[in-house]
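File shown: model_29.tsv. Contents: TSV, C-alpha atoms and all ligand atoms.
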chain	number	residue	atom	x	y	z
A	1	MET	CA	10.06	-6.75	15.97
A	2	LEU	CA	9.46	-5.72	12.38
A	3	LYS	CA	9.73	-1.93	12.12
A	4	VAL	CA	7.21	-0.65	9.58
A	5	VAL	CA	6.79	2.72	7.90
A	6	VAL	CA	3.46	3.36	6.19
A	7	MET	CA	3.27	5.82	3.27
A	8	VAL	CA	-0.06	7.49	2.47
A	9	SER	CA	-1.68	10.19	0.36
A	10	GLY	CA	-5.33	10.29	1.42
A	11	GLY	CA	-7.98	9.04	3.80
A	12	GLY	CA	-5.80	6.33	5.27
A	13	THR	CA	-8.41	3.61	5.75
A	14	ASN	CA	-5.74	1.02	4.95
A	15	LEU	CA	-3.44	2.64	7.51
A	16	GLN	CA	-6.31	2.37	10.01
A	17	ALA	CA	-6.78	-1.31	9.19
A	18	ILE	CA	-3.08	-1.87	9.90
A	19	LEU	CA	-3.15	0.08	13.18
A	20	ASP	CA	-6.29	-1.80	14.31
A	21	ALA	CA	-4.77	-5.16	13.38
A	22	VAL	CA	-1.63	-4.41	15.43
A	23	GLN	CA	-3.85	-3.31	18.34
A	24	ASP	CA	-6.03	-6.45	18.10
A	25	GLY	CA	-3.05	-8.80	17.83
A	26	LYS	CA	-3.88	-9.85	14.26
A	27	ILE	CA	-0.48	-8.49	13.24
A	28	THR	CA	2.22	-9.68	15.64
A	29	ASN	CA	5.95	-8.93	16.06
A	30	THR	CA	5.39	-5.55	14.44
A	31	GLU	CA	5.78	-1.92	15.39
A	32	ILE	CA	4.47	0.89	13.20
A	33	VAL	CA	7.33	3.37	13.65
A	34	GLY	CA	6.20	6.13	11.32
A	35	VAL	CA	3.75	7.46	8.76
A	36	ILE	CA	4.79	9.55	5.76
A	37	SER	CA	2.33	11.55	3.67
A	38	ASN	CA	2.91	13.65	0.56
A	39	LYS	CA	-0.28	15.62	1.29
A	40	LYS	CA	-0.50	18.02	4.22
A	41	ASP	CA	-4.28	17.64	4.53
A	42	ALA	CA	-4.36	13.82	4.28
A	43	TYR	CA	-6.74	12.47	6.93
A	44	ALA	CA	-4.26	9.62	7.31
A	45	LEU	CA	-2.01	12.05	9.23
A	46	THR	CA	-4.80	12.63	11.77
A	47	ARG	CA	-5.18	8.86	12.14
A	48	ALA	CA	-1.44	8.57	12.83
A	49	GLN	CA	-1.59	11.34	15.44
A	50	GLN	CA	-4.60	9.74	17.15
A	51	ALA	CA	-2.66	6.49	17.38
A	52	GLY	CA	0.43	8.26	18.73
A	53	ILE	CA	2.55	7.33	15.71
A	54	PRO	CA	5.22	9.84	14.58
A	55	SER	CA	4.26	11.30	11.20
A	56	VAL	CA	5.85	13.56	8.63
A	57	CYS	CA	4.65	15.26	5.47
A	58	VAL	CA	6.97	15.52	2.46
A	59	SER	CA	5.13	17.55	-0.17
A	60	LEU	CA	6.38	18.23	-3.70
A	61	LYS	CA	5.05	21.77	-3.24
A	62	ASP	CA	7.74	22.50	-0.64
A	63	TYR	CA	10.64	21.70	-2.99
A	64	GLU	CA	12.30	23.34	-5.99
A	65	GLY	CA	11.83	20.28	-8.13
A	66	ARG	CA	11.41	16.55	-8.30
A	67	GLU	CA	15.02	15.73	-7.42
A	68	ASP	CA	14.94	17.69	-4.17
A	69	PHE	CA	11.59	16.14	-3.31
A	70	ASN	CA	12.92	12.64	-4.04
A	71	ARG	CA	15.93	13.22	-1.81
A	72	ALA	CA	13.73	14.48	1.03
A	73	LEU	CA	11.38	11.51	0.65
A	74	LEU	CA	14.23	9.02	0.83
A	75	LYS	CA	15.69	10.83	3.85
A	76	ALA	CA	12.31	10.72	5.61
A	77	VAL	CA	11.96	6.97	5.03
A	78	ASP	CA	15.56	6.26	6.11
A	79	SER	CA	15.13	8.34	9.27
A	80	PHE	CA	12.74	5.71	10.65
A	81	GLU	CA	15.18	2.86	9.86
A	82	PRO	CA	12.32	0.59	8.78
A	83	ASP	CA	12.54	-3.13	8.01
A	84	LEU	CA	9.47	-2.80	5.80
A	85	VAL	CA	7.87	0.08	3.88
A	86	VAL	CA	4.13	-0.24	3.22
A	87	LEU	CA	2.55	1.83	0.47
A	88	ALA	CA	-1.05	2.22	1.61
A	89	GLY	CA	-2.60	4.47	-1.01
A	90	PHE	CA	0.65	6.39	-1.63
A	91	LEU	CA	-0.09	7.96	-5.00
A	92	VAL	CA	3.36	9.23	-5.96
A	93	ILE	CA	5.85	8.05	-8.59
A	94	LEU	CA	8.56	6.55	-6.43
A	95	PRO	CA	12.18	7.72	-6.60
A	96	GLU	CA	14.32	5.03	-8.29
A	97	LEU	CA	16.72	4.98	-5.36
A	98	LEU	CA	13.92	4.34	-2.88
A	99	VAL	CA	12.79	1.29	-4.87
A	100	LYS	CA	16.38	0.05	-5.20
A	101	ASN	CA	17.31	0.56	-1.53
A	102	TYR	CA	14.13	-1.12	-0.28
A	103	LYS	CA	14.01	-4.00	-2.76
A	104	ASN	CA	12.09	-6.93	-1.23
A	105	ARG	CA	11.34	-4.67	1.73
A	106	MET	CA	8.54	-2.56	0.23
A	107	ILE	CA	4.94	-3.65	-0.45
A	108	ASN	CA	1.96	-1.95	-2.08
A	109	ILE	CA	-1.79	-2.48	-1.98
A	110	HIS	CA	-3.52	-2.19	-5.37
A	111	PRO	CA	-7.33	-2.11	-5.71
A	112	ALA	CA	-7.65	-4.75	-8.48
A	113	LEU	CA	-6.55	-8.28	-9.31
A	114	LEU	CA	-3.16	-7.64	-10.95
A	115	PRO	CA	-2.02	-7.83	-13.67
A	116	SER	CA	-5.50	-6.66	-14.72
A	117	PHE	CA	-6.24	-2.97	-14.26
A	118	GLY	CA	-2.72	-2.10	-13.14
A	119	GLY	CA	0.10	0.08	-14.43
A	120	LYS	CA	0.34	3.75	-15.30
A	121	GLY	CA	-2.88	5.70	-14.72
A	122	TYR	CA	-4.59	2.96	-12.74
A	123	TYR	CA	-5.05	4.25	-9.22
A	124	GLY	CA	-7.87	4.98	-6.79
A	125	LEU	CA	-11.36	5.35	-8.22
A	126	LYS	CA	-10.07	5.18	-11.81
A	127	VAL	CA	-9.44	1.44	-11.36
A	128	HIS	CA	-13.04	0.76	-10.35
A	129	GLU	CA	-14.40	2.93	-13.19
A	130	GLU	CA	-12.44	0.81	-15.68
A	131	VAL	CA	-13.53	-2.47	-14.07
A	132	LEU	CA	-17.18	-1.39	-14.43
A	133	ALA	CA	-16.64	-0.07	-17.98
A	134	ARG	CA	-15.30	-3.50	-18.99
A	135	GLY	CA	-18.28	-5.27	-17.43
A	136	CYS	CA	-16.14	-7.45	-15.13
A	137	LYS	CA	-18.02	-9.76	-12.80
A	138	VAL	CA	-15.13	-10.18	-10.38
A	139	THR	CA	-12.49	-7.74	-9.16
A	140	GLY	CA	-10.47	-7.58	-5.95
A	141	ALA	CA	-7.21	-6.40	-4.46
A	142	THR	CA	-3.54	-7.35	-4.62
A	143	VAL	CA	-0.61	-6.94	-2.25
A	144	HIS	CA	2.69	-7.08	-4.10
A	145	PHE	CA	6.35	-6.29	-3.55
A	146	VAL	CA	7.44	-3.12	-5.29
A	147	ASP	CA	9.95	-3.37	-8.12
A	148	GLU	CA	11.20	-0.90	-10.78
A	149	GLY	CA	8.01	-1.26	-12.84
A	150	CYS	CA	4.50	0.01	-12.19
A	151	ASP	CA	2.41	-2.57	-10.26
A	152	SER	CA	4.68	-5.28	-11.67
A	153	GLY	CA	6.45	-6.71	-8.61
A	154	PRO	CA	6.01	-10.22	-7.14
A	155	ILE	CA	2.49	-10.86	-5.86
A	156	LEU	CA	2.05	-11.81	-2.19
A	157	LEU	CA	-1.69	-11.97	-1.66
A	158	GLN	CA	-4.87	-11.47	-3.65
A	159	LYS	CA	-8.55	-11.57	-2.77
A	160	ALA	CA	-11.47	-11.60	-5.17
A	161	VAL	CA	-14.59	-9.44	-4.74
A	162	GLU	CA	-17.90	-9.72	-6.60
A	163	VAL	CA	-19.00	-6.91	-8.90
A	164	LYS	CA	-22.76	-6.38	-8.50
A	165	HIS	CA	-25.43	-5.07	-10.85
A	166	GLY	CA	-25.88	-1.34	-10.32
A	167	ASP	CA	-22.48	-0.77	-8.71
A	168	THR	CA	-21.06	2.73	-8.97
A	169	PRO	CA	-17.26	3.18	-8.79
A	170	GLU	CA	-17.67	4.49	-5.23
A	171	VAL	CA	-19.80	1.54	-4.10
A	172	LEU	CA	-17.40	-0.94	-5.69
A	173	GLN	CA	-14.38	0.82	-4.17
A	174	ARG	CA	-15.90	0.54	-0.72
A	175	ARG	CA	-16.68	-3.20	-1.17
A	176	VAL	CA	-13.14	-3.89	-2.42
A	177	MET	CA	-11.72	-2.08	0.59
A	178	GLU	CA	-13.97	-3.80	3.14
A	179	GLU	CA	-13.83	-7.32	1.72
A	180	ALA	CA	-10.27	-7.37	0.41
A	181	GLU	CA	-7.84	-4.49	1.07
A	182	TRP	CA	-8.37	-4.10	4.82
A	183	LYS	CA	-7.88	-7.86	5.22
A	184	ILE	CA	-4.98	-8.79	2.94
A	185	LEU	CA	-2.73	-5.81	3.70
A	186	PRO	CA	-2.58	-6.52	7.48
A	187	GLN	CA	-2.29	-10.24	6.71
A	188	ALA	CA	0.68	-9.65	4.38
A	189	ILE	CA	2.48	-7.61	7.07
A	190	ASP	CA	1.87	-10.36	9.62
A	191	PHE	CA	3.27	-12.99	7.23
A	192	ILE	CA	6.39	-10.90	6.65
A	193	ALA	CA	6.82	-10.14	10.37
A	194	ASN	CA	6.67	-13.83	11.17
A	195	GLY	CA	9.03	-15.06	8.46
A	196	LYS	CA	6.33	-16.78	6.42
A	197	ILE	CA	7.58	-15.51	3.07
A	198	LEU	CA	9.66	-17.44	0.56
A	199	PHE	CA	11.11	-15.90	-2.61
A	200	GLU	CA	11.61	-18.51	-5.31
A	201	GLY	CA	12.17	-18.00	-9.02
A	202	GLY	CA	10.90	-14.41	-8.95
A	203	HIS	CA	7.69	-15.45	-7.20
A	204	VAL	CA	6.57	-15.27	-3.59
A	205	PHE	CA	5.14	-18.18	-1.64
A	206	LEU	CA	3.67	-17.70	1.78
A	207	GLY	CA	1.76	-18.89	4.79
A	208	ASP	CA	0.69	-22.51	4.86
A	209	SER	CA	1.96	-23.11	1.33
A	210	ILE	CA	5.63	-23.10	2.43
B	1	LIG	C1	-6.86	2.29	-1.75
B	1	LIG	O1	-8.01	1.83	-2.42
B	1	LIG	C2	-5.62	1.71	-2.41
B	1	LIG	O2	-5.80	0.42	-2.88
B	1	LIG	C3	-5.43	2.68	-3.55
B	1	LIG	O3	-5.70	3.94	-2.98
B	1	LIG	C4	-6.70	3.79	-1.96
B	1	LIG	C5	-6.25	4.50	-0.72
B	1	LIG	O4	-7.26	4.53	0.26
B	1	LIG	N1	-4.11	2.58	-4.10
B	1	LIG	C6	-3.85	2.66	-5.41
B	1	LIG	O5	-4.70	2.89	-6.24
B	1	LIG	C7	-2.38	2.45	-5.79
B	1	LIG	N2	-2.25	2.24	-7.21
B	1	LIG	P1	-6.96	4.80	1.78
B	1	LIG	O6	-6.14	6.09	1.85
B	1	LIG	O7	-8.31	4.98	2.41
B	1	LIG	O8	-6.20	3.63	2.34

Could you take the file, read its structure, and then write that structure out as C-alpha cells?
Ligand code: GAR
Amino acid sequence: MLKVVVMVSGGGTNLQAILDAVQDGKITNTEIVGVISNKKDAYALTRAQQAGIPSVCVSLKDYEGREDFNRALLKAVDSFEPDLVVLAGFLVILPELLVKNYKNRMINIHPALLPSFGGKGYYGLKVHEEVLARGCKVTGATVHFVDEGCDSGPILLQKAVEVKHGDTPEVLQRRVMEEAEWKILPQAIDFIANGKILFEGGHVFLGDSI
C-alpha cells in the first residue's frame, strides 16, 4: 500500500478528486494517511474530516518565523511516514529540507502546460489570467515531481484543454480542473502506487510506454 499525504491551501477540489478515485477504485494500492493545510479555514480540511482522514494545520501565523514554520511543516509530514507527498494546491514556498528528503517522492499539480506559465508568481487564477492575456488557444495541466526549482521537476503527466472565445480566468480555471487536473492527478498517483514509473536520464516514463 502506498501511503500518501496530501498538502493543500484552499478549496481542495483536487484532494476530493483523489479521495473519490480511491473510493471508486480508480486509484489502487493506496491509502491517504493524512492531509496537511497551511490555512486554518481551508475547505480542504472539511473534506478531509468528512472522509475520516486525519488532518493537521501548520500555519505560518502560529510561528515566530519561517525557520520554525519550516521545521513544524517537515515534522508534520514525517509524522505520517508517507511514501508519497502530493501537493494539491499547496501554495507555500517549500522548505529546502522537505524537497531534499522527499526527492522523487513528492509530486505537484500545476494548472498549465509546463514549462509554459510556470515558475515564481504563477499559481492559481494568475496562471489562467496570463494564458488569456497571451491569447493562447490551448492550455492544460501538468503533474510533475518536485525538485529544488520552481515548477521545474520531471514531468509525469500532462493534459491539454481548449481555450474558448469569451473565457474568463474563472471559467478557464474550472475547465482546466474538470478536464485535466481532476483526471491526471489521481492517474499519476495510481501509476506510482502500481510501480508504473521509470526514471531515465532525468525524465519520467510511465504507464504503457514502459
Ligand atoms: C489548482 O488549480 C492547482 O492546480 C493550483 O491551485 C489550485 C488548487 O485548487 N496549484 C497551483 O497553482 C500550484 N502552482 P483546489 O484547492 O481546489 O485543488

Next item on the list: Could you report the residues within 9 Å of ligand LIG 1 (chain B), using all atoms listed in the file, as a ChimeraX atom specification?
Entry: /A:8-17,42-44,87-92,108-112,118-127,141-142,150-151,173-174,176-177,181-182

Notebook entry, point to check: In terms of the shortest atom-to-atom distance over only C-alpha atoms, which of A:Gly52, A:Pro154, A:Pro95, A:Gly135 is closest to Leu114 of chain A?
Noted result: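 Of A:Gly52, A:Pro154, A:Pro95, A:Gly135, the one nearest Leu114 of chain A is A:Pro154, counting only C-alpha atoms.
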
Next item on the list: Write out as a PyMOL selection string each polymer residue whose atoms come within 12 Å of segment 187-200 of chain A, counting only C-alpha atoms; drop sequence neighbours fewer than 6 positions from it.
Entry: chain A and resi 1-6+14-15+17-19+21-22+25-32+83-88+104-109+142-145+153-159+180-181+206-210

Notebook entry, point to check: In Å, how far is it from atom CA of Glu96 of chain A to atom CA of Met7 of chain A?
Noted result: 16.0 Å

Margin query: To one decimal place in Å, what is the distance between atom CA of Thr46 of chain A and atom CA of Thr168 of chain A?
Written below: 28.2 Å

Next item on the list: Please measure the separation of atom CA of Leu94 of chain A and atom CA of Val146 of chain A, giving the value in Å to one decimal.
Entry: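 So the two atoms, atom CA of Leu94 of chain A and atom CA of Val146 of chain A, lie 9.8 Å apart.
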
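Closest approach to Glu81 of chain A from the set A:Arg47, A:Leu185, A:Gly34, A:Gly202 is made by A:Gly34, with distances taken over only C-alpha atoms.
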
Checklist line | Best match for closeness to Glu148 of chain A among A:Ile93, A:Ile53, A:Ala48, A:Leu74, counting all atoms listed in the file | finding: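 Ranked by minimum distance to Glu148 of chain A, first place goes to A:Ile93.
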
Note to self: Calculated over all atoms listed in the file, which of the candidates A:Leu97, A:Val35, A:Leu60, A:Leu113 has the smallest distance to Phe80 of chain A?
What the structure shows: A:Val35

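The protein and nucleic acid residues lying at most 6 Å from Ile36 of chain A are Met7, Ser55, Val56 and Cys57 of chain A, with all atoms listed in the file considered and sequence neighbours fewer than 3 positions away removed.
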